[in-house]
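Have a look at input22.tsv below; it lists TSV, C-alpha atoms.
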chain	number	residue	atom	x	y	z
A	1	MET	CA	0.00	0.00	0.00
A	2	ASN	CA	1.16	3.49	-0.80
A	3	GLU	CA	2.07	6.12	1.77
A	4	ARG	CA	-0.65	8.68	2.35
A	5	VAL	CA	-0.80	11.83	4.46
A	6	ILE	CA	-3.07	11.86	7.53
A	7	GLY	CA	-3.71	15.39	8.77
A	8	ASP	CA	-0.45	17.03	9.82
A	9	MET	CA	1.42	13.79	10.54
A	10	GLY	CA	3.10	13.48	7.19
A	11	PRO	CA	3.18	10.33	5.04
A	12	THR	CA	1.90	7.18	6.73
A	13	ASN	CA	3.50	3.89	5.74
A	14	TRP	CA	0.40	1.72	5.88
A	15	SER	CA	2.35	-1.46	5.14
A	16	THR	CA	3.69	-1.40	8.73
A	17	LEU	CA	0.19	-0.98	10.18
A	18	THR	CA	-2.15	-3.15	8.10
A	19	ARG	CA	-2.12	-5.31	4.99
A	20	MET	CA	-5.81	-4.66	4.34
A	21	PRO	CA	-6.52	-1.79	1.91
A	22	VAL	CA	-10.13	-1.60	3.15
A	23	LYS	CA	-8.89	-1.04	6.70
A	24	ALA	CA	-6.47	1.67	5.60
A	25	TYR	CA	-9.33	3.34	3.70
A	26	HIS	CA	-11.58	3.51	6.77
A	27	TYR	CA	-8.91	4.17	9.39
A	28	GLU	CA	-7.48	7.09	7.45
A	29	LEU	CA	-10.61	9.01	8.48
A	30	ASP	CA	-11.11	7.34	11.88
A	31	THR	CA	-10.71	9.85	14.71
A	32	CYS	CA	-9.45	7.29	17.26
A	33	PHE	CA	-6.87	5.91	14.84
A	34	ARG	CA	-5.67	9.33	13.76
A	35	GLU	CA	-5.25	10.59	17.31
A	36	GLY	CA	-3.78	7.28	18.44
A	37	LEU	CA	-1.18	7.26	15.69
A	38	SER	CA	-0.16	10.82	16.54
A	39	GLU	CA	0.29	9.80	20.18
A	40	CYS	CA	2.39	6.81	19.14
A	41	GLU	CA	4.60	9.13	17.12
A	42	GLU	CA	5.10	11.29	20.21
A	43	ALA	CA	5.65	8.37	22.59
A	44	PHE	CA	7.91	6.21	20.41
A	45	GLY	CA	9.56	8.69	18.05
A	46	ASP	CA	11.60	7.01	15.32
A	47	ARG	CA	11.05	3.65	17.10
A	48	ARG	CA	7.33	3.73	16.30
A	49	ASP	CA	7.30	0.88	13.79
A	50	GLU	CA	9.65	-1.23	15.90
A	51	VAL	CA	7.57	-0.81	19.09
A	52	LEU	CA	4.28	-1.48	17.32
A	53	HIS	CA	5.75	-4.53	15.59
A	54	ARG	CA	6.63	-6.12	18.94
A	55	SER	CA	3.45	-5.02	20.79
A	56	ALA	CA	0.03	-6.63	21.13
A	57	LEU	CA	-3.23	-5.84	22.90
A	58	LEU	CA	-5.56	-8.33	24.56
A	59	LEU	CA	-8.81	-7.67	26.43
A	60	VAL	CA	-10.08	-10.02	29.12
A	61	LYS	CA	-13.75	-9.28	28.68
A	62	PRO	CA	-16.27	-9.28	31.55
A	63	ASP	CA	-17.20	-12.93	30.96
A	64	GLY	CA	-13.52	-13.88	31.12
A	65	MET	CA	-13.10	-11.88	34.33
A	66	ALA	CA	-16.21	-13.33	35.97
A	67	THR	CA	-15.19	-16.90	35.17
A	68	GLY	CA	-11.62	-16.38	36.39
A	69	LYS	CA	-9.72	-16.97	33.14
A	70	LEU	CA	-6.75	-14.67	33.71
A	71	LYS	CA	-4.35	-17.39	34.89
A	72	VAL	CA	-5.06	-19.52	31.83
A	73	ILE	CA	-4.46	-16.48	29.65
A	74	LEU	CA	-1.21	-15.46	31.34
A	75	ASP	CA	0.14	-19.02	31.22
A	76	PHE	CA	-0.70	-19.23	27.52
A	77	LEU	CA	0.97	-15.88	26.79
A	78	ALA	CA	4.12	-16.81	28.71
A	79	GLY	CA	4.28	-20.12	26.87
A	80	HIS	CA	4.34	-18.22	23.57
A	81	ASP	CA	6.96	-15.64	24.60
A	82	PHE	CA	4.58	-12.79	25.37
A	83	GLY	CA	5.11	-10.68	28.47
A	84	VAL	CA	2.64	-8.22	30.01
A	85	VAL	CA	4.05	-4.69	30.02
A	86	GLY	CA	0.87	-2.81	30.94
A	87	ALA	CA	-2.52	-3.52	32.52
A	88	GLU	CA	-5.57	-1.36	33.08
A	89	MET	CA	-9.13	-2.02	34.20
A	90	PHE	CA	-12.07	-0.24	32.57
A	91	HIS	CA	-15.80	-0.60	31.93
A	92	PHE	CA	-17.48	-0.75	28.55
A	93	ASN	CA	-20.56	1.32	27.91
A	94	ARG	CA	-23.06	1.03	25.08
A	95	HIS	CA	-21.09	3.40	22.88
A	96	THR	CA	-17.58	1.99	23.33
A	97	GLY	CA	-18.92	-1.52	22.80
A	98	ARG	CA	-20.42	-0.56	19.46
A	99	GLU	CA	-17.53	1.63	18.37
A	100	LEU	CA	-14.87	-1.02	18.99
A	101	TRP	CA	-16.54	-3.40	16.52
A	102	ARG	CA	-18.25	-0.81	14.31
A	103	HIS	CA	-16.76	-2.30	11.12
A	104	GLN	CA	-17.54	-5.91	12.10
A	105	HIS	CA	-21.03	-5.55	13.59
A	106	THR	CA	-22.39	-4.42	10.24
A	107	LEU	CA	-23.55	-8.05	9.93
A	108	ALA	CA	-24.81	-8.43	13.51
A	109	SER	CA	-28.50	-8.77	14.24
A	110	LEU	CA	-30.11	-6.23	16.54
A	111	ASP	CA	-30.65	-9.01	19.07
A	112	ARG	CA	-26.93	-9.76	19.02
A	113	LEU	CA	-26.13	-6.10	19.68
A	114	ALA	CA	-28.52	-6.13	22.64
A	115	VAL	CA	-27.07	-9.32	24.14
A	116	ASN	CA	-23.55	-8.00	23.56
A	117	ASP	CA	-24.49	-4.94	25.61
A	118	VAL	CA	-25.48	-7.21	28.51
A	119	ILE	CA	-22.21	-9.14	28.36
A	120	LEU	CA	-19.88	-6.16	27.94
A	121	GLN	CA	-21.55	-4.09	30.67
A	122	ALA	CA	-21.86	-6.92	33.21
A	123	GLY	CA	-18.51	-6.13	34.85
A	124	PRO	CA	-15.02	-4.76	34.32
A	125	THR	CA	-12.71	-5.53	31.40
A	126	LEU	CA	-8.96	-5.90	31.80
A	127	MET	CA	-6.72	-4.52	29.07
A	128	LEU	CA	-3.34	-6.21	28.73
A	129	LEU	CA	-0.59	-4.64	26.66
A	130	LEU	CA	2.02	-7.18	25.63
A	131	ARG	CA	5.58	-7.36	24.35
A	132	SER	CA	6.59	-10.28	22.14
A	133	HIS	CA	10.00	-11.68	23.04
A	134	GLY	CA	10.03	-14.14	20.16
A	135	ASN	CA	11.57	-13.62	16.75
A	136	HIS	CA	8.61	-13.68	14.37
A	137	PRO	CA	8.46	-12.20	10.88
A	138	VAL	CA	4.93	-10.90	11.49
A	139	PRO	CA	3.85	-8.24	14.01
A	140	ALA	CA	3.02	-9.40	17.53
A	141	THR	CA	-0.65	-8.52	16.99
A	142	VAL	CA	-0.83	-10.78	13.94
A	143	HIS	CA	1.02	-13.61	15.68
A	144	LEU	CA	-1.24	-13.46	18.74
A	145	SER	CA	-4.36	-13.39	16.57
A	146	SER	CA	-3.20	-16.57	14.86
A	147	LEU	CA	-2.68	-18.23	18.26
A	148	LYS	CA	-6.05	-17.30	19.74
A	149	GLY	CA	-7.97	-19.67	17.43
A	150	LYS	CA	-11.01	-19.53	15.17
A	151	ALA	CA	-14.22	-17.78	16.20
A	152	ASP	CA	-16.16	-20.88	15.15
A	153	ILE	CA	-15.87	-23.29	18.10
A	154	SER	CA	-16.07	-26.32	15.80
A	155	GLN	CA	-12.97	-25.12	13.91
A	156	GLN	CA	-10.74	-24.29	16.88
A	157	ALA	CA	-7.41	-26.04	17.29
A	158	ALA	CA	-7.17	-27.84	20.64
A	159	ASP	CA	-4.10	-25.81	21.65
A	160	SER	CA	-5.55	-22.41	20.71
A	161	LEU	CA	-6.29	-19.89	23.45
A	162	ARG	CA	-10.00	-19.86	22.69
A	163	SER	CA	-10.12	-23.63	23.05
A	164	LEU	CA	-8.25	-23.57	26.35
A	165	LEU	CA	-10.67	-20.96	27.70
A	166	LYS	CA	-13.59	-23.36	27.08
A	167	ARG	CA	-15.92	-20.59	26.02
A	168	PRO	CA	-19.55	-21.76	25.85
A	169	ASN	CA	-20.53	-20.03	22.62
A	170	ARG	CA	-19.51	-17.40	20.11
A	171	LEU	CA	-20.86	-14.37	21.99
A	172	CYS	CA	-19.31	-15.29	25.34
A	173	SER	CA	-15.86	-15.13	23.80
A	174	MET	CA	-13.90	-14.25	27.00
A	175	ILE	CA	-11.19	-12.32	25.13
A	176	HIS	CA	-10.55	-9.91	22.30
A	177	CYS	CA	-7.23	-9.28	20.53
A	178	ALA	CA	-6.18	-6.46	18.23
A	179	ASP	CA	-5.62	-8.09	14.82
A	180	GLU	CA	-2.93	-5.79	13.39
A	181	PRO	CA	-0.78	-2.85	14.58
A	182	ALA	CA	-3.37	-0.42	13.18
A	183	ASP	CA	-6.01	-2.00	15.43
A	184	LEU	CA	-3.81	-1.69	18.52
A	185	VAL	CA	-3.35	2.02	17.77
A	186	ARG	CA	-7.09	2.60	17.33
A	187	GLU	CA	-8.31	0.43	20.21
A	188	LEU	CA	-5.93	1.82	22.82
A	189	ASN	CA	-7.05	5.34	21.95
A	190	LEU	CA	-10.73	4.38	21.87
A	191	LEU	CA	-10.88	2.49	25.16
A	192	MET	CA	-8.54	4.46	27.42
A	193	ASP	CA	-8.92	8.00	28.73
A	194	PRO	CA	-5.92	10.33	28.19
A	195	ALA	CA	-4.10	9.76	31.51
A	196	PRO	CA	-4.10	5.93	31.50
A	197	ARG	CA	-3.45	5.98	27.77
A	198	GLN	CA	-0.28	8.00	28.18
A	199	ARG	CA	0.84	5.73	31.01
A	200	LEU	CA	0.29	2.63	28.87
A	201	LEU	CA	2.11	4.15	25.90
A	202	GLY	CA	5.05	4.67	28.24
A	203	ARG	CA	4.93	1.00	29.24
A	204	LEU	CA	4.95	-0.02	25.57
A	205	ALA	CA	7.93	2.23	24.92
A	206	GLU	CA	9.91	0.84	27.88
A	207	GLY	CA	8.79	-2.75	27.40
A	208	VAL	CA	8.45	-3.57	31.12
A	209	PRO	CA	5.51	-3.39	33.55
A	210	SER	CA	5.35	-1.02	36.49
A	211	SER	CA	4.61	-2.07	40.05
A	212	ALA	CA	1.04	-0.80	39.55
A	213	ASP	CA	0.57	-3.18	36.61
A	214	GLU	CA	1.88	-6.13	38.61
A	215	GLU	CA	-0.32	-5.24	41.59
A	216	LEU	CA	-3.40	-5.12	39.38
A	217	LEU	CA	-2.65	-8.54	37.89
A	218	ASP	CA	-2.08	-9.95	41.37
A	219	ARG	CA	-5.40	-8.50	42.54
A	220	VAL	CA	-7.33	-10.04	39.67
A	221	LEU	CA	-5.61	-13.40	40.11
A	222	ASN	CA	-6.05	-13.66	43.87
A	223	SER	CA	-9.10	-11.64	44.85
A	224	GLU	CA	-12.49	-13.28	45.39
A	225	GLU	CA	-13.86	-10.33	43.43
A	226	PHE	CA	-13.15	-12.21	40.19
A	227	GLY	CA	-13.98	-15.78	39.23
A	228	GLY	CA	-16.62	-18.05	40.66
A	229	VAL	CA	-19.12	-17.71	37.81
A	230	THR	CA	-20.05	-20.76	35.73
A	231	LEU	CA	-21.74	-20.08	32.40
A	232	ASP	CA	-24.17	-23.00	32.30
A	233	ARG	CA	-27.00	-22.28	29.87
A	234	ALA	CA	-29.41	-24.97	31.04
A	235	ALA	CA	-28.96	-24.17	34.74
A	236	ALA	CA	-29.36	-20.44	34.04
A	237	ALA	CA	-32.62	-21.04	32.13
A	238	ARG	CA	-33.98	-23.14	35.00
A	239	ARG	CA	-33.14	-20.45	37.55
A	240	ILE	CA	-34.84	-17.75	35.48
A	241	ASP	CA	-37.90	-19.95	34.92
A	242	ARG	CA	-38.18	-20.69	38.65
A	243	LEU	CA	-38.01	-17.02	39.60
A	244	VAL	CA	-40.59	-16.13	36.96
A	245	ALA	CA	-42.95	-18.84	38.23
A	246	GLU	CA	-42.55	-17.69	41.83
A	247	ARG	CA	-43.23	-14.09	40.80
A	248	ALA	CA	-46.45	-15.08	39.03
A	249	ALA	CA	-47.60	-17.12	42.03
A	250	GLU	CA	-47.03	-14.15	44.36
A	251	HIS	CA	-48.58	-11.60	41.98
A	252	PRO	CA	-51.43	-13.10	39.90
A	253	GLY	CA	-51.66	-9.90	37.88
A	254	LEU	CA	-48.29	-10.81	36.33
A	255	ALA	CA	-49.46	-14.22	35.14
A	256	GLU	CA	-49.73	-13.16	31.48
A	257	PRO	CA	-46.20	-11.73	31.02
A	258	ALA	CA	-44.76	-14.50	33.20
A	259	GLY	CA	-46.47	-17.08	31.01
A	260	ARG	CA	-45.01	-15.53	27.88
A	261	VAL	CA	-41.48	-15.64	29.34
A	262	ARG	CA	-41.88	-19.25	30.40
A	263	ALA	CA	-43.25	-20.22	26.98
A	264	TRP	CA	-40.28	-18.58	25.29
A	265	LEU	CA	-37.89	-20.44	27.59
A	266	GLU	CA	-39.64	-23.74	26.82
A	267	GLY	CA	-39.29	-23.01	23.11
A	268	ALA	CA	-35.59	-22.26	23.52
A	269	GLU	CA	-35.14	-25.69	25.13
A	270	ARG	CA	-36.66	-27.17	21.97
A	271	GLY	CA	-34.15	-25.31	19.85
A	272	GLU	CA	-36.25	-22.27	18.95
A	273	LEU	CA	-34.67	-18.81	18.80
A	274	LEU	CA	-35.63	-16.21	21.36
A	275	PRO	CA	-37.01	-12.89	20.08
A	276	TRP	CA	-34.48	-11.36	22.42
A	277	ARG	CA	-35.46	-7.72	22.57
A	278	GLU	CA	-39.12	-8.55	23.14
A	279	PHE	CA	-38.21	-11.33	25.59
A	280	ALA	CA	-35.86	-9.05	27.55
A	281	GLY	CA	-38.47	-6.30	27.73
A	282	VAL	CA	-41.18	-8.59	29.12
A	283	LEU	CA	-38.70	-10.21	31.51
A	284	ALA	CA	-37.65	-6.77	32.80
A	285	SER	CA	-41.29	-5.85	33.41
A	286	LEU	CA	-41.46	-8.61	36.04
A	287	GLU	CA	-38.84	-6.73	38.11
A	288	LEU	CA	-36.96	-9.83	39.20
A	289	LYS	CA	-33.59	-9.93	40.93
A	290	LEU	CA	-31.81	-11.89	38.20
A	291	ASP	CA	-28.15	-12.81	37.99
A	292	VAL	CA	-26.81	-10.83	35.04
A	293	TRP	CA	-24.77	-13.83	33.89
A	294	ASP	CA	-27.87	-16.03	33.79
A	295	VAL	CA	-29.48	-13.47	31.49
A	296	ALA	CA	-26.30	-13.16	29.41
A	297	ILE	CA	-25.74	-16.88	28.80
A	298	VAL	CA	-29.39	-17.51	27.91
A	299	GLY	CA	-29.35	-14.63	25.46
A	300	ALA	CA	-26.00	-15.60	23.98
A	301	SER	CA	-27.22	-19.16	23.38
A	302	HIS	CA	-30.62	-18.64	21.76
A	303	ILE	CA	-30.60	-15.76	19.29
A	304	LEU	CA	-30.11	-15.16	15.60
A	305	GLU	CA	-26.59	-13.73	15.64
A	306	ASP	CA	-26.14	-12.40	12.10
A	307	GLU	CA	-28.46	-10.82	9.56
A	308	PRO	CA	-28.83	-13.14	6.54
A	309	GLY	CA	-26.69	-11.97	3.65
A	310	ALA	CA	-24.98	-9.21	5.63
A	311	ILE	CA	-21.20	-8.75	5.55
A	312	LYS	CA	-18.47	-7.22	7.69
A	313	VAL	CA	-17.10	-3.95	6.38
A	314	ILE	CA	-13.69	-5.04	7.65
A	315	GLY	CA	-13.01	-8.76	8.11
A	316	ASN	CA	-9.89	-10.57	9.27
A	317	PRO	CA	-6.52	-10.19	7.54
A	318	ALA	CA	-5.97	-12.84	4.87
A	319	ALA	CA	-3.77	-15.75	5.95
A	320	GLY	CA	-0.18	-15.09	4.93
A	321	ALA	CA	-0.78	-11.43	4.08
A	322	TRP	CA	2.07	-10.35	6.40
A	323	LEU	CA	4.53	-12.87	4.93
A	324	THR	CA	4.64	-11.23	1.52
How does this structure look as structure tokens?
Amino acid sequence: MNERVIGDMGPTNWSTLTRMPVKAYHYELDTCFREGLSECEEAFGDRRDEVLHRSALLLVKPDGMATGKLKVILDFLAGHDFGVVGAEMFHFNRHTGRELWRHQHTLASLDRLAVNDVILQAGPTLMLLLRSHGNHPVPATVHLSSLKGKADISQQAADSLRSLLKRPNRLCSMIHCADEPADLVRELNLLMDPAPRQRLLGRLAEGVPSSADEELLDRVLNSEEFGGVTLDRAAAARRIDRLVAERAAEHPGLAEPAGRVRAWLEGAERGELLPWREFAGVLASLELKLDVWDVAIVGASHILEDEPGAIKVIGNPAAGAWLT
């Protein structure tokens, strides 16, 4: 790809950032990418391409935090010569969740967007910034993406990170990785406020974690605040059904909406899809004290995920694109 000028930053060598022309086309006008690249220029100077080549970004999403997956993730990373150089906790909101995947969720159903909101906002997310200590011809982001495994559970290699995490379905994916250096630049800028962003850029430049990073990892690994959740679809559906039945017995005026919820749950057990937004609205009207992870796993297991015939604006880099 040719060099092009972004704002006042001078020519941008896109070949060091992405091998996807469609991504370069969209990111050239993307505010988070543009600002992020400028900040990388300031933080790394003439080492920008070198630092980005050896750096990767991984998110432990709320479902991964709640189910206590950090140790599995850290062991996997260490086994593949990745070291954590920065860590920061943050919370998704409706807007950051949509913006992060704005070019991929062009194929997502509205029910999938709604369930994704539940999952992403159910708890904190941990951002890990990584340094690759191996000698690989491709950027660390690309190498890590190849190690994480296929999104389709049936196609995952047994030794991939996604397989080791034992995720229950596609939506409860536990982790997210930046696919290319351009994605790391954009996602760090998008998800972090200025102060933690500058701190993390400093960690990438130095290539070693601070005591604050190590303390945060230790807290997540050893605190009872994280872990303990089991994403069991059938058990979650039974718990919701029981609470709905008890609510209807206590308040006969709620028998009609409670009956609709229970009928939908029975249909889901037979393999029918839930009309999620309608289901969630009626369920909310019952004003139950539900476990958010019960709601999340039921929704993630019984919806139409993608609109028929829809496509991603930006897909995954082609296999081998970084080896040419």
Test item: residues at most 12 Å from Asp306 of chain A, all atoms listed in the file, excluding those fewer than 3 positions along its chain, as a count of residues only: 17
Contact residues around segment 187-200 of chain A with only C-alpha atoms at 6 Å, ignoring same-chain residues under 3 positions, as a short mmCIF file (atom, residue, chain, number, x, y, z; two decimals) with C-alpha atoms, in the coordinates of the input:
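The result, written out as result30.cif:
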data_model
loop_
_atom_site.label_atom_id
_atom_site.label_comp_id
_atom_site.auth_asym_id
_atom_site.auth_seq_id
_atom_site.Cartn_x
_atom_site.Cartn_y
_atom_site.Cartn_z
CA CYS A 32 -9.45 7.29 17.26
CA GLY A 36 -3.78 7.28 18.44
CA GLY A 86 0.87 -2.81 30.94
CA ASP A 183 -6.01 -2.00 15.43
CA LEU A 184 -3.81 -1.69 18.52
CA ARG A 203 4.93 1.00 29.24
#
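Of note, atom CA of Leu52 of chain A and atom CA of Pro181 of chain A are spaced 5.9 Å apart.
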Nearest to Asp218 of chain A, chosen from A:Met20, A:Ala318, A:Leu74, A:Val185, with only C-alpha atoms counted in the distances: A:Leu74
Polymer residues at most 6 Å from (-5.2, -1.5, 31.5) by all atoms listed in the file, as a PyMOL selection string: chain A and resi 87-89+126-128
Residue subset to file, keeping C-alpha atoms, as a PDB file, keeping the file's coordinate frame:
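Once everything was written out, this is selection.pdb:
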ATOM      1  CA  ALA A  87      -2.520  -3.520  32.520  1.00  0.00           C
ATOM      2  CA  GLU A  88      -5.570  -1.360  33.080  1.00  0.00           C
ATOM      3  CA  MET A  89      -9.130  -2.020  34.200  1.00  0.00           C
ATOM      4  CA  LEU A 126      -8.960  -5.900  31.800  1.00  0.00           C
ATOM      5  CA  MET A 127      -6.720  -4.520  29.070  1.00  0.00           C
ATOM      6  CA  LEU A 128      -3.340  -6.210  28.730  1.00  0.00           C
TER       7      LEU A 128
END
Two-atom distance - atom CA of Ala140 of chain A, atom CA of Phe90 of chain A (Å): 23.2 Å
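Residues surrounding Ala205 of chain A within 8 Å are Ala43, Phe44 and Val51 of chain A [only C-alpha atoms; sequence separation below 5 positions excluded].
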What are the nearest atom pairs, with distances in Å to one decimal, for all residues of segment 27-116 of chain A that come at most 10 Å from segment 278-295 of chain A, using all atoms listed in the file, set out by chain and rising residue number as JSON lines?
{"residue": "A:Pro62", "atom": "CA", "partner": "A:Trp293", "partner_atom": "CA", "distance": 9.9}
{"residue": "A:Asp63", "atom": "CA", "partner": "A:Trp293", "partner_atom": "CA", "distance": 8.2}
{"residue": "A:Ala66", "atom": "CA", "partner": "A:Trp293", "partner_atom": "CA", "distance": 8.8}
{"residue": "A:Asp111", "atom": "CA", "partner": "A:Glu278", "partner_atom": "CA", "distance": 9.4}
{"residue": "A:Ala114", "atom": "CA", "partner": "A:Ala280", "partner_atom": "CA", "distance": 9.3}
{"residue": "A:Val115", "atom": "CA", "partner": "A:Val295", "partner_atom": "CA", "distance": 8.8}
Test item: which residues lie within 10 Å of (-18.1, -0.3, 30.9) counting only C-alpha atoms, as a VMD selection string: chain A and resid 62 89 to 97 117 120 to 125 191
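For the atom pair formed by atom CA of Leu144 of chain A and atom CA of Ile73 of chain A, the distance is 11.8 Å, given to one decimal.
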